[in-house]
file entry38.cif (mmCIF, N, CA and C atoms)
data_upload
#
loop_
_atom_site.label_atom_id
_atom_site.label_comp_id
_atom_site.auth_asym_id
_atom_site.auth_seq_id
_atom_site.Cartn_x
_atom_site.Cartn_y
_atom_site.Cartn_z
N MET A 1 0.87 2.92 -10.33
CA MET A 1 1.68 4.06 -10.00
C MET A 1 2.39 3.75 -8.67
N VAL A 2 3.67 4.04 -8.61
CA VAL A 2 4.45 3.82 -7.40
C VAL A 2 4.74 5.17 -6.76
N LEU A 3 4.42 5.26 -5.47
CA LEU A 3 4.59 6.50 -4.71
C LEU A 3 5.41 6.22 -3.45
N ASP A 4 6.01 7.26 -2.90
CA ASP A 4 6.69 7.12 -1.62
C ASP A 4 5.68 7.07 -0.48
N THR A 5 4.63 7.87 -0.60
CA THR A 5 3.64 8.00 0.47
C THR A 5 2.26 8.28 -0.12
N VAL A 6 1.23 7.79 0.57
CA VAL A 6 -0.14 8.14 0.23
C VAL A 6 -0.80 8.66 1.50
N ILE A 7 -1.42 9.81 1.39
CA ILE A 7 -2.17 10.40 2.50
C ILE A 7 -3.64 10.11 2.24
N ILE A 8 -4.29 9.46 3.19
CA ILE A 8 -5.71 9.16 3.05
C ILE A 8 -6.48 10.16 3.90
N GLY A 9 -7.18 11.06 3.24
CA GLY A 9 -7.96 12.09 3.91
C GLY A 9 -7.36 13.47 3.74
N ALA A 10 -8.16 14.41 3.25
CA ALA A 10 -7.72 15.78 3.03
C ALA A 10 -8.35 16.72 4.03
N GLY A 11 -8.34 16.30 5.30
CA GLY A 11 -8.71 17.19 6.39
C GLY A 11 -7.48 18.00 6.79
N PRO A 12 -7.55 18.71 7.89
CA PRO A 12 -6.42 19.55 8.31
C PRO A 12 -5.10 18.77 8.45
N ALA A 13 -5.13 17.59 9.04
CA ALA A 13 -3.90 16.81 9.21
C ALA A 13 -3.35 16.34 7.86
N GLY A 14 -4.23 15.87 6.99
CA GLY A 14 -3.80 15.41 5.69
C GLY A 14 -3.22 16.54 4.84
N ILE A 15 -3.87 17.69 4.89
CA ILE A 15 -3.39 18.84 4.13
C ILE A 15 -2.03 19.30 4.66
N SER A 16 -1.89 19.35 5.99
CA SER A 16 -0.60 19.73 6.58
C SER A 16 0.49 18.76 6.15
N SER A 17 0.17 17.47 6.19
CA SER A 17 1.14 16.45 5.78
C SER A 17 1.54 16.64 4.32
N ALA A 18 0.57 16.91 3.46
CA ALA A 18 0.85 17.09 2.04
C ALA A 18 1.80 18.27 1.81
N ILE A 19 1.58 19.35 2.51
CA ILE A 19 2.44 20.53 2.35
C ILE A 19 3.87 20.21 2.77
N TYR A 20 4.03 19.53 3.91
CA TYR A 20 5.37 19.18 4.37
C TYR A 20 6.05 18.20 3.43
N LEU A 21 5.31 17.21 2.92
CA LEU A 21 5.90 16.26 1.98
C LEU A 21 6.31 16.94 0.68
N LYS A 22 5.49 17.85 0.20
CA LYS A 22 5.82 18.58 -1.04
C LYS A 22 7.09 19.39 -0.84
N ARG A 23 7.18 20.07 0.30
CA ARG A 23 8.38 20.87 0.58
C ARG A 23 9.63 20.01 0.69
N ALA A 24 9.47 18.76 1.13
CA ALA A 24 10.60 17.84 1.27
C ALA A 24 10.94 17.12 -0.04
N GLY A 25 10.13 17.32 -1.07
CA GLY A 25 10.39 16.70 -2.36
C GLY A 25 10.03 15.23 -2.41
N ILE A 26 9.10 14.81 -1.57
CA ILE A 26 8.68 13.41 -1.52
C ILE A 26 7.50 13.19 -2.47
N HIS A 27 7.57 12.13 -3.26
CA HIS A 27 6.54 11.81 -4.26
C HIS A 27 5.34 11.17 -3.55
N PHE A 28 4.18 11.82 -3.59
CA PHE A 28 3.01 11.37 -2.83
C PHE A 28 1.72 11.70 -3.56
N GLU A 29 0.64 11.14 -3.06
CA GLU A 29 -0.72 11.52 -3.45
C GLU A 29 -1.51 11.72 -2.16
N ILE A 30 -2.51 12.60 -2.23
CA ILE A 30 -3.46 12.78 -1.14
C ILE A 30 -4.83 12.42 -1.71
N ILE A 31 -5.53 11.54 -1.01
CA ILE A 31 -6.81 11.02 -1.49
C ILE A 31 -7.91 11.41 -0.52
N GLU A 32 -9.00 11.96 -1.04
CA GLU A 32 -10.14 12.37 -0.21
C GLU A 32 -11.41 11.83 -0.86
N LYS A 33 -12.30 11.26 -0.03
CA LYS A 33 -13.51 10.67 -0.61
C LYS A 33 -14.70 11.62 -0.66
N LYS A 34 -14.74 12.67 0.17
CA LYS A 34 -15.91 13.55 0.18
C LYS A 34 -15.57 15.00 -0.12
N ARG A 35 -15.06 15.72 0.88
CA ARG A 35 -14.81 17.15 0.72
C ARG A 35 -13.45 17.52 1.27
N ILE A 36 -12.70 18.29 0.51
CA ILE A 36 -11.42 18.79 1.00
C ILE A 36 -11.71 19.64 2.24
N GLY A 37 -10.97 19.39 3.29
CA GLY A 37 -11.19 20.09 4.55
C GLY A 37 -11.90 19.21 5.56
N GLY A 38 -12.51 18.12 5.07
CA GLY A 38 -13.18 17.19 5.97
C GLY A 38 -14.28 17.84 6.79
N LEU A 39 -14.40 17.42 8.04
CA LEU A 39 -15.45 17.90 8.93
C LEU A 39 -15.29 19.37 9.30
N LEU A 40 -14.12 19.93 9.04
CA LEU A 40 -13.91 21.35 9.32
C LEU A 40 -14.90 22.21 8.55
N ASN A 41 -15.38 21.70 7.41
CA ASN A 41 -16.38 22.43 6.62
C ASN A 41 -17.67 22.67 7.40
N ASN A 42 -17.95 21.83 8.39
CA ASN A 42 -19.20 21.93 9.16
C ASN A 42 -19.10 22.81 10.40
N ALA A 43 -17.91 23.29 10.70
CA ALA A 43 -17.70 24.08 11.92
C ALA A 43 -18.04 25.55 11.66
N HIS A 44 -19.09 26.05 12.30
CA HIS A 44 -19.52 27.43 12.07
C HIS A 44 -18.65 28.43 12.82
N ARG A 45 -18.15 28.04 13.98
CA ARG A 45 -17.32 28.95 14.77
C ARG A 45 -16.27 28.14 15.52
N ILE A 46 -15.02 28.53 15.34
CA ILE A 46 -13.91 27.88 16.03
C ILE A 46 -13.21 28.95 16.86
N GLU A 47 -13.05 28.68 18.14
CA GLU A 47 -12.44 29.66 19.04
C GLU A 47 -11.11 29.18 19.61
N ASN A 48 -10.61 28.03 19.17
CA ASN A 48 -9.38 27.51 19.73
C ASN A 48 -8.35 27.14 18.66
N TYR A 49 -8.42 27.74 17.49
CA TYR A 49 -7.46 27.46 16.43
C TYR A 49 -6.29 28.43 16.59
N PRO A 50 -5.07 27.94 16.66
CA PRO A 50 -3.91 28.82 16.88
C PRO A 50 -3.83 29.97 15.88
N GLY A 51 -3.63 31.15 16.37
CA GLY A 51 -3.49 32.33 15.54
C GLY A 51 -4.77 33.09 15.29
N PHE A 52 -5.91 32.55 15.71
CA PHE A 52 -7.20 33.20 15.50
C PHE A 52 -8.01 33.16 16.78
N SER A 53 -8.58 34.30 17.15
CA SER A 53 -9.46 34.30 18.32
C SER A 53 -10.81 33.67 17.97
N GLU A 54 -11.22 33.84 16.72
CA GLU A 54 -12.45 33.21 16.22
C GLU A 54 -12.40 33.17 14.70
N ILE A 55 -12.76 32.04 14.13
CA ILE A 55 -12.78 31.86 12.68
C ILE A 55 -13.74 30.71 12.37
N SER A 56 -14.28 30.69 11.18
CA SER A 56 -15.18 29.58 10.80
C SER A 56 -14.37 28.49 10.12
N GLY A 57 -14.89 27.28 10.18
CA GLY A 57 -14.26 26.16 9.50
C GLY A 57 -14.09 26.40 8.01
N PRO A 58 -15.15 26.84 7.32
CA PRO A 58 -14.99 27.10 5.89
C PRO A 58 -13.91 28.15 5.57
N GLU A 59 -13.73 29.13 6.46
CA GLU A 59 -12.66 30.12 6.23
C GLU A 59 -11.29 29.46 6.30
N ILE A 60 -11.10 28.57 7.26
CA ILE A 60 -9.83 27.86 7.37
C ILE A 60 -9.63 26.96 6.15
N VAL A 61 -10.68 26.26 5.74
CA VAL A 61 -10.59 25.37 4.57
C VAL A 61 -10.20 26.19 3.34
N HIS A 62 -10.80 27.36 3.16
CA HIS A 62 -10.47 28.21 2.02
C HIS A 62 -8.98 28.57 2.04
N ALA A 63 -8.45 28.95 3.20
CA ALA A 63 -7.04 29.30 3.31
C ALA A 63 -6.16 28.07 3.01
N MET A 64 -6.58 26.89 3.49
CA MET A 64 -5.82 25.67 3.22
C MET A 64 -5.81 25.34 1.73
N MET A 65 -6.95 25.54 1.07
CA MET A 65 -7.03 25.27 -0.36
C MET A 65 -6.14 26.23 -1.16
N GLU A 66 -6.06 27.48 -0.71
CA GLU A 66 -5.15 28.43 -1.36
C GLU A 66 -3.70 27.97 -1.23
N GLN A 67 -3.36 27.44 -0.05
CA GLN A 67 -2.00 26.96 0.16
C GLN A 67 -1.72 25.71 -0.69
N LEU A 68 -2.71 24.82 -0.82
CA LEU A 68 -2.54 23.67 -1.71
C LEU A 68 -2.29 24.14 -3.14
N ASP A 69 -3.04 25.13 -3.59
CA ASP A 69 -2.84 25.68 -4.94
C ASP A 69 -1.44 26.26 -5.09
N LYS A 70 -0.99 26.97 -4.07
CA LYS A 70 0.34 27.59 -4.11
C LYS A 70 1.43 26.53 -4.33
N TRP A 71 1.27 25.37 -3.69
CA TRP A 71 2.26 24.30 -3.78
C TRP A 71 1.95 23.32 -4.91
N HIS A 72 0.93 23.61 -5.72
CA HIS A 72 0.53 22.75 -6.84
C HIS A 72 0.20 21.32 -6.36
N ILE A 73 -0.55 21.25 -5.28
CA ILE A 73 -1.01 19.97 -4.73
C ILE A 73 -2.48 19.82 -5.07
N GLU A 74 -2.81 18.75 -5.77
CA GLU A 74 -4.20 18.51 -6.15
C GLU A 74 -4.68 17.19 -5.55
N PRO A 75 -5.49 17.25 -4.50
CA PRO A 75 -6.02 16.01 -3.92
C PRO A 75 -6.84 15.23 -4.95
N LYS A 76 -6.70 13.92 -4.92
CA LYS A 76 -7.49 13.05 -5.79
C LYS A 76 -8.78 12.71 -5.06
N MET A 77 -9.89 12.88 -5.74
CA MET A 77 -11.19 12.57 -5.16
C MET A 77 -11.54 11.12 -5.47
N ALA A 78 -11.42 10.28 -4.45
CA ALA A 78 -11.71 8.85 -4.57
C ALA A 78 -11.84 8.28 -3.17
N GLU A 79 -12.40 7.10 -3.09
CA GLU A 79 -12.51 6.40 -1.80
C GLU A 79 -11.55 5.22 -1.81
N VAL A 80 -10.76 5.10 -0.75
CA VAL A 80 -9.87 3.95 -0.62
C VAL A 80 -10.74 2.76 -0.21
N GLN A 81 -10.72 1.72 -1.02
CA GLN A 81 -11.54 0.55 -0.76
C GLN A 81 -10.76 -0.58 -0.08
N ALA A 82 -9.45 -0.62 -0.31
CA ALA A 82 -8.64 -1.68 0.29
C ALA A 82 -7.18 -1.25 0.37
N ILE A 83 -6.51 -1.73 1.41
CA ILE A 83 -5.07 -1.55 1.57
C ILE A 83 -4.50 -2.94 1.80
N GLU A 84 -3.57 -3.32 0.93
CA GLU A 84 -3.00 -4.66 0.99
C GLU A 84 -1.48 -4.57 1.06
N GLU A 85 -0.88 -5.27 2.03
CA GLU A 85 0.58 -5.29 2.13
C GLU A 85 1.12 -6.24 1.07
N ILE A 86 2.12 -5.74 0.32
CA ILE A 86 2.78 -6.56 -0.70
C ILE A 86 4.28 -6.56 -0.42
N ASP A 87 5.05 -7.30 -1.20
CA ASP A 87 6.49 -7.45 -0.95
C ASP A 87 7.24 -6.13 -0.85
N VAL A 88 6.88 -5.17 -1.67
CA VAL A 88 7.64 -3.92 -1.74
C VAL A 88 6.91 -2.73 -1.10
N GLY A 89 5.90 -2.98 -0.30
CA GLY A 89 5.16 -1.89 0.34
C GLY A 89 3.70 -2.23 0.49
N PHE A 90 2.85 -1.35 -0.03
CA PHE A 90 1.42 -1.55 0.09
C PHE A 90 0.75 -1.27 -1.25
N LYS A 91 -0.37 -1.92 -1.47
CA LYS A 91 -1.19 -1.68 -2.66
C LYS A 91 -2.53 -1.13 -2.19
N LEU A 92 -2.91 0.02 -2.73
CA LEU A 92 -4.20 0.62 -2.41
C LEU A 92 -5.14 0.44 -3.59
N THR A 93 -6.36 0.09 -3.28
CA THR A 93 -7.40 0.01 -4.30
C THR A 93 -8.39 1.13 -3.99
N THR A 94 -8.69 1.94 -5.00
CA THR A 94 -9.62 3.06 -4.81
C THR A 94 -10.76 2.95 -5.81
N THR A 95 -11.73 3.83 -5.66
CA THR A 95 -12.85 3.88 -6.59
C THR A 95 -12.46 4.51 -7.92
N ASP A 96 -11.26 5.10 -7.99
CA ASP A 96 -10.78 5.73 -9.22
C ASP A 96 -9.70 4.88 -9.85
#
call {"tool": "encode", "arguments": {"input": "entry38.cif", "output": "structure tokens"}}
result
Amino acid sequence: MVLDTVIIGAGPAGISSAIYLKRAGIHFEIIEKKRIGGLLNNAHRIENYPGFSEISGPEIVHAMMEQLDKWHIEPKMAEVQAIEEIDVGFKLTTTD
């Protein structure tokens, strides 16, 4: 499969990137090896997230997942095992 971009990791930065790429019409995949939301799932209380005086990590992850659904973005659950530079870009090898 040939893509314009691959996002490795579906934490907050990866999810944000996916939304912006989707809005720009760029052909991409987002790959996550463990849990969508990454380590944010383990945060019981966050007091420095813009727009919220206090919120839990799982609450933010839930909102992010709703936004992914809205944009029809489905992260692929796999682990990237290798990244190799080739003539026309890069080749990724995953567990899937």
call {"tool": "closest_residue", "arguments": {"input": "entry38.cif", "among": "A:Thr5, A:Thr93, A:Met77, A:Asp87", "to": "Glu32 (chain A)", "atoms": "only N, CA and C atoms"}}
result
A:Met77
call {"tool": "atom_distance", "arguments": {"input": "entry38.cif", "atom1": "CA of Ala63 (chain A)", "atom2": "CA of Leu92 (chain A)"}}
result
29.4 Å
call {"tool": "select_by_dssp", "arguments": {"input": "entry38.cif", "residues": "chain A", "states": "strand (DSSP E or B)", "output": "MDAnalysis selection string"}}
result
chainID A and resid 5:8 28:32 46 55 76:77 80:86 89:94
call {"tool": "residues_around", "arguments": {"input": "entry38.cif", "residues": "Pro58 (chain A)", "least_positions_apart": "6", "cutoff": "6.5 Å", "atoms": "all atoms listed in the file", "output": "PDB file with N, CA and C atoms, in the frame of the given file"}}
result
ATOM      1  N   LEU A  40     -14.120  19.930   9.040  1.00  0.00           N
ATOM      2  CA  LEU A  40     -13.910  21.350   9.320  1.00  0.00           C
ATOM      3  C   LEU A  40     -14.900  22.210   8.550  1.00  0.00           C
ATOM      4  N   ASN A  41     -15.380  21.700   7.410  1.00  0.00           N
ATOM      5  CA  ASN A  41     -16.380  22.430   6.620  1.00  0.00           C
ATOM      6  C   ASN A  41     -17.670  22.670   7.400  1.00  0.00           C
ATOM      7  N   ASN A  42     -17.950  21.830   8.390  1.00  0.00           N
ATOM      8  CA  ASN A  42     -19.200  21.930   9.160  1.00  0.00           C
ATOM      9  C   ASN A  42     -19.100  22.810  10.400  1.00  0.00           C
ATOM     10  N   ALA A  43     -17.910  23.290  10.700  1.00  0.00           N
ATOM     11  CA  ALA A  43     -17.700  24.080  11.920  1.00  0.00           C
ATOM     12  C   ALA A  43     -18.040  25.550  11.660  1.00  0.00           C
ATOM     13  N   HIS A  44     -19.090  26.050  12.300  1.00  0.00           N
ATOM     14  CA  HIS A  44     -19.520  27.430  12.070  1.00  0.00           C
ATOM     15  C   HIS A  44     -18.650  28.430  12.820  1.00  0.00           C
TER      16      HIS A  44
END
call {"tool": "resolve_selection", "arguments": {"input": "entry38.cif", "expression": "the PyMOL selection byres ((chain A and resi 6-19) around 6.5)", "output": "count of residues only"}}
result
19
call {"tool": "closest_residue", "arguments": {"input": "entry38.cif", "among": "A:Gly51, A:Lys91, A:Glu66, A:Lys34", "to": "Ala78 (chain A)", "atoms": "all atoms listed in the file"}}
result
A:Lys34
call {"tool": "select_by_dssp", "arguments": {"input": "entry38.cif", "residues": "chain A", "states": "alpha helix (DSSP H)", "output": "PyMOL selection string"}}
result
chain A and resi 12-24+57-70
call {"tool": "atom_distance", "arguments": {"input": "entry38.cif", "atom1": "CA of Tyr49 (chain A)", "atom2": "CA of Pro75 (chain A)"}}
result
23.4 Å
call {"tool": "axis_aligned_box", "arguments": {"input": "entry38.cif", "around": "region 27-34 of chain A", "padding_each_side": "6 Å", "output": "lines of an AutoDock Vina configuration file"}}
result
center_x = -4.2
center_y = 12.8
center_z = -2.0
size_x = 35.5
size_y = 16.3
size_z = 16.4
call {"tool": "atom_distance", "arguments": {"input": "entry38.cif", "atom1": "atom N of Ala82 (chain A)", "atom2": "atom N of Asp96 (chain A)"}}
result
9.7 Å
call {"tool": "build_atoms", "arguments": {"input": "entry38.cif", "residues": "region 50-74 of chain A", "atoms": "N, CA, C and O atoms", "output": "PDB file, in the frame of the given file"}}
result
ATOM      1  N   PRO A  50      -5.070  27.940  16.660  1.00  0.00           N
ATOM      2  CA  PRO A  50      -3.910  28.820  16.880  1.00  0.00           C
ATOM      3  C   PRO A  50      -3.830  29.970  15.880  1.00  0.00           C
ATOM      4  O   PRO A  50      -3.993  29.762  14.672  1.00  0.00           O
ATOM      5  N   GLY A  51      -3.630  31.150  16.370  1.00  0.00           N
ATOM      6  CA  GLY A  51      -3.490  32.330  15.540  1.00  0.00           C
ATOM      7  C   GLY A  51      -4.770  33.090  15.290  1.00  0.00           C
ATOM      8  O   GLY A  51      -4.744  34.179  14.731  1.00  0.00           O
ATOM      9  N   PHE A  52      -5.910  32.550  15.710  1.00  0.00           N
ATOM     10  CA  PHE A  52      -7.200  33.200  15.500  1.00  0.00           C
ATOM     11  C   PHE A  52      -8.010  33.160  16.780  1.00  0.00           C
ATOM     12  O   PHE A  52      -8.135  32.116  17.410  1.00  0.00           O
ATOM     13  N   SER A  53      -8.580  34.300  17.150  1.00  0.00           N
ATOM     14  CA  SER A  53      -9.460  34.300  18.320  1.00  0.00           C
ATOM     15  C   SER A  53     -10.810  33.670  17.970  1.00  0.00           C
ATOM     16  O   SER A  53     -11.440  33.030  18.793  1.00  0.00           O
ATOM     17  N   GLU A  54     -11.220  33.840  16.720  1.00  0.00           N
ATOM     18  CA  GLU A  54     -12.450  33.210  16.220  1.00  0.00           C
ATOM     19  C   GLU A  54     -12.400  33.170  14.700  1.00  0.00           C
ATOM     20  O   GLU A  54     -12.034  34.155  14.056  1.00  0.00           O
ATOM     21  N   ILE A  55     -12.760  32.040  14.130  1.00  0.00           N
ATOM     22  CA  ILE A  55     -12.780  31.860  12.680  1.00  0.00           C
ATOM     23  C   ILE A  55     -13.740  30.710  12.370  1.00  0.00           C
ATOM     24  O   ILE A  55     -13.986  29.861  13.219  1.00  0.00           O
ATOM     25  N   SER A  56     -14.280  30.690  11.180  1.00  0.00           N
ATOM     26  CA  SER A  56     -15.180  29.580  10.800  1.00  0.00           C
ATOM     27  C   SER A  56     -14.370  28.490  10.120  1.00  0.00           C
ATOM     28  O   SER A  56     -13.307  28.732   9.539  1.00  0.00           O
ATOM     29  N   GLY A  57     -14.890  27.280  10.180  1.00  0.00           N
ATOM     30  CA  GLY A  57     -14.260  26.160   9.500  1.00  0.00           C
ATOM     31  C   GLY A  57     -14.090  26.400   8.010  1.00  0.00           C
ATOM     32  O   GLY A  57     -12.991  26.192   7.468  1.00  0.00           O
ATOM     33  N   PRO A  58     -15.150  26.840   7.320  1.00  0.00           N
ATOM     34  CA  PRO A  58     -14.990  27.100   5.890  1.00  0.00           C
ATOM     35  C   PRO A  58     -13.910  28.150   5.570  1.00  0.00           C
ATOM     36  O   PRO A  58     -13.248  28.053   4.539  1.00  0.00           O
ATOM     37  N   GLU A  59     -13.730  29.130   6.460  1.00  0.00           N
ATOM     38  CA  GLU A  59     -12.660  30.120   6.230  1.00  0.00           C
ATOM     39  C   GLU A  59     -11.290  29.460   6.300  1.00  0.00           C
ATOM     40  O   GLU A  59     -10.401  29.761   5.496  1.00  0.00           O
ATOM     41  N   ILE A  60     -11.100  28.570   7.260  1.00  0.00           N
ATOM     42  CA  ILE A  60      -9.830  27.860   7.370  1.00  0.00           C
ATOM     43  C   ILE A  60      -9.630  26.960   6.150  1.00  0.00           C
ATOM     44  O   ILE A  60      -8.537  26.909   5.579  1.00  0.00           O
ATOM     45  N   VAL A  61     -10.680  26.260   5.740  1.00  0.00           N
ATOM     46  CA  VAL A  61     -10.590  25.370   4.570  1.00  0.00           C
ATOM     47  C   VAL A  61     -10.200  26.190   3.340  1.00  0.00           C
ATOM     48  O   VAL A  61      -9.345  25.770   2.551  1.00  0.00           O
ATOM     49  N   HIS A  62     -10.800  27.360   3.160  1.00  0.00           N
ATOM     50  CA  HIS A  62     -10.470  28.210   2.020  1.00  0.00           C
ATOM     51  C   HIS A  62      -8.980  28.570   2.040  1.00  0.00           C
ATOM     52  O   HIS A  62      -8.303  28.491   0.998  1.00  0.00           O
ATOM     53  N   ALA A  63      -8.450  28.950   3.200  1.00  0.00           N
ATOM     54  CA  ALA A  63      -7.040  29.300   3.310  1.00  0.00           C
ATOM     55  C   ALA A  63      -6.160  28.070   3.010  1.00  0.00           C
ATOM     56  O   ALA A  63      -5.117  28.182   2.359  1.00  0.00           O
ATOM     57  N   MET A  64      -6.580  26.890   3.490  1.00  0.00           N
ATOM     58  CA  MET A  64      -5.820  25.670   3.220  1.00  0.00           C
ATOM     59  C   MET A  64      -5.810  25.340   1.730  1.00  0.00           C
ATOM     60  O   MET A  64      -4.787  24.938   1.178  1.00  0.00           O
ATOM     61  N   MET A  65      -6.950  25.540   1.070  1.00  0.00           N
ATOM     62  CA  MET A  65      -7.030  25.270  -0.360  1.00  0.00           C
ATOM     63  C   MET A  65      -6.140  26.230  -1.160  1.00  0.00           C
ATOM     64  O   MET A  65      -5.511  25.836  -2.150  1.00  0.00           O
ATOM     65  N   GLU A  66      -6.060  27.480  -0.710  1.00  0.00           N
ATOM     66  CA  GLU A  66      -5.150  28.430  -1.360  1.00  0.00           C
ATOM     67  C   GLU A  66      -3.700  27.970  -1.230  1.00  0.00           C
ATOM     68  O   GLU A  66      -2.912  28.086  -2.167  1.00  0.00           O
ATOM     69  N   GLN A  67      -3.360  27.440  -0.050  1.00  0.00           N
ATOM     70  CA  GLN A  67      -2.000  26.960   0.160  1.00  0.00           C
ATOM     71  C   GLN A  67      -1.720  25.710  -0.690  1.00  0.00           C
ATOM     72  O   GLN A  67      -0.633  25.567  -1.248  1.00  0.00           O
ATOM     73  N   LEU A  68      -2.710  24.820  -0.820  1.00  0.00           N
ATOM     74  CA  LEU A  68      -2.540  23.670  -1.710  1.00  0.00           C
ATOM     75  C   LEU A  68      -2.290  24.140  -3.140  1.00  0.00           C
ATOM     76  O   LEU A  68      -1.411  23.597  -3.826  1.00  0.00           O
ATOM     77  N   ASP A  69      -3.040  25.130  -3.590  1.00  0.00           N
ATOM     78  CA  ASP A  69      -2.840  25.680  -4.940  1.00  0.00           C
ATOM     79  C   ASP A  69      -1.440  26.260  -5.090  1.00  0.00           C
ATOM     80  O   ASP A  69      -0.781  26.048  -6.105  1.00  0.00           O
ATOM     81  N   LYS A  70      -0.990  26.970  -4.070  1.00  0.00           N
ATOM     82  CA  LYS A  70       0.340  27.590  -4.110  1.00  0.00           C
ATOM     83  C   LYS A  70       1.430  26.530  -4.330  1.00  0.00           C
ATOM     84  O   LYS A  70       2.384  26.747  -5.058  1.00  0.00           O
ATOM     85  N   TRP A  71       1.270  25.370  -3.690  1.00  0.00           N
ATOM     86  CA  TRP A  71       2.260  24.300  -3.780  1.00  0.00           C
ATOM     87  C   TRP A  71       1.950  23.320  -4.910  1.00  0.00           C
ATOM     88  O   TRP A  71       2.632  22.309  -5.058  1.00  0.00           O
ATOM     89  N   HIS A  72       0.930  23.610  -5.720  1.00  0.00           N
ATOM     90  CA  HIS A  72       0.530  22.750  -6.840  1.00  0.00           C
ATOM     91  C   HIS A  72       0.200  21.320  -6.360  1.00  0.00           C
ATOM     92  O   HIS A  72       0.633  20.341  -6.965  1.00  0.00           O
ATOM     93  N   ILE A  73      -0.550  21.250  -5.280  1.00  0.00           N
ATOM     94  CA  ILE A  73      -1.010  19.970  -4.730  1.00  0.00           C
ATOM     95  C   ILE A  73      -2.480  19.820  -5.070  1.00  0.00           C
ATOM     96  O   ILE A  73      -3.286  20.670  -4.702  1.00  0.00           O
ATOM     97  N   GLU A  74      -2.810  18.750  -5.770  1.00  0.00           N
ATOM     98  CA  GLU A  74      -4.200  18.510  -6.150  1.00  0.00           C
ATOM     99  C   GLU A  74      -4.680  17.190  -5.550  1.00  0.00           C
ATOM    100  O   GLU A  74      -4.305  16.116  -6.025  1.00  0.00           O
TER     101      GLU A  74
END
